[in-house]
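Here is the structure we will look at, set down as structure tokens.
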Amino acid sequence: MNAPDSPNALAARSELPVLMQAMGLKAKTASALMARAQAAIKNRALLGLANLLRSQIAPLQAANTLDLERAKTAGLAGPMLDRLKLSPKIIETVALGCEQLAAMPDVIGEIIGMKQQPSGIRVGQMRVPIGVFGMIYESRPNVTIEAASLAIKSGNACILRGGSEAIESNKALAELVQQALTDAGLPADAVQLVPTTDREAVGLLITMPQFVDVIIPRGGKGLIERISRDAKVPVIKHLDGNCHVYVDDPCDIAMAVTVADNAKTQKYSPCNASEGLLVARGVVASFLPEIGAIYAAKGVEMRCDAEAQAILAKLPGARVQPATEQDWYEEYLAPIISIKVVADVDEAIAHINKYSSHHTDAILTRDHMHAQRFLREVDSASVLVNASTRFADGFEFGLGAEIGISTDKFHARGPVGIEGLTSLKYVVLGQGEVRS
């Protein structure tokens, strides 16, 4: 990635608007080339990127170490440090994502819903790239590859602005992306990383509708609220991930314990980790002591209603606190979970629809009708039956990767993959028909 100047030099000479305008123009130009790129060429770039990632693990980790050391010195909190790590496992995961995307059908140019009209014309819709998207994200450097790979597969161009805490990692990753694009015969400017940590770059990026077609923020609630408020470009967003697991009556207790444990403790920092546990009164006596013992052993603090607290407070080593009203709304991103006993599936659905962030919610049940009601009535972007909320992820959903998870209700909802980065336009096929 070519950085024309250091961040301080850019700020000192007020060249940031010039830089962002230039990046926007380059992206717009590259987007036209990407839109007409053949599927085989895009796939070649993705496979090349996967190979580069695997061959450059040591340099990538060296760059990541610089970010981690600086973040520790700055006092960055534990969950944020966890998100910042670029381990060999994470590098392999994003490399696999590139390969998974390459193996998927190319949806660009696909025509759907073609129907003959009484006039004789045939009307359908063609899937086309959005054009240029701007991606603003914090901490996780793997997002650089996820965004870039999805841009390549969907025939878009993108401008990436990662968090200042991950600048060295993101630069190293972006260099590999541009090398893979160039090697495949695609424009390197199809994926650009903003080379400065100046916050004003974000303000400029989100107010360039002449170059940028959509903005996708991925980070903390404060960042996304700011982007949503100030953007002059459409925004695909989710504000937070207050996800729930509801343990129904009846359910397989052993399975419920396993899933509820995984949903909370497999990793605390992701937005699809469970933050709330709802338990049907009919299974409380058998379920709650088991999951409570596991949470206690793992140091998870349990913030409970009175009924749950009465049971869990008796467990050795349990960290139990009374829940406040705010706890039902909270996204902890930490070893803390809210726990509430509910009467039945009706109360569980009502609680989730009131307090959740409409991100991801799961029911653990043996009752088919309860499962169907939960799927239909819970107003969330992803709804699961007998599975951990941690599966709400583009890679796990078979999308190859995700650009983010949308809790909006327009064209992109849930994990946003290739189709979420496309639009539909009407196409009409005729044989000389005229309107009478």
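Chain labels A, B, ... are given in the sequence in which chains occur in the structure tokens; within each chain residues are numbered consecutively from 1, and ligands are likewise numbered from 1 in the order shown.
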Can you list every residue in range 40-169 of chain A that DSSP puts in strand (DSSP E or B), as a PyMOL selection string? chain A and resi 111-116+122-129+132-137+157-161
**Item:** Test item: residues at most 9 Å from Val342 in chain A, only C-alpha atoms, excluding those fewer than 2 positions along its chain, as a list in words
**Value:**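 So, after excluding close chain neighbours, the residues are Leu278, Val279, Ala280, Arg281, Lys340, Asp344, Val345, Asp346, Glu347, Ala348 and His351 of chain A.
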Sorted per-residue table, range 269-371 of chain A near range 71-80 of chain A, closest atoms and distance, 8 Å, only C-alpha atoms, as CSV:
```
residue,atom,partner,partner_atom,distance
A:Ser269,CA,A:Pro79,CA,5.4
A:Leu333,CA,A:Pro79,CA,7.0
A:Ala334,CA,A:Pro79,CA,7.0
```
Per residue of range 99-197 of chain A within 10 Å of range 227-241 of chain A, which atom pair is closest and at what distance in Å (one decimal), using only C-alpha atoms, listed by chain and increasing number, as a tab-separated table?
```
residue	atom	partner	partner_atom	distance
A:Phe133	CA	A:Val233	CA	9.7
A:Gly134	CA	A:Val235	CA	9.4
A:Met135	CA	A:Ile236	CA	10.0
A:Ile136	CA	A:Ile227	CA	9.0
```
Between A:Val194, A:Met114, A:Leu53, A:Val132, smallest distance to Val94 in chain A by only C-alpha atoms belongs to A:Leu53
With distances taken over only C-alpha atoms, the candidate from A:Ala30, A:Ala343, A:Ala296, A:Leu288 nearest Ala308 in chain A is A:Leu288
Alpha helix (DSSP H) positions in range 91-207 of chain A, given as a PyMOL selection string:
chain A and resi 91-103+142-154+167-183+200-205
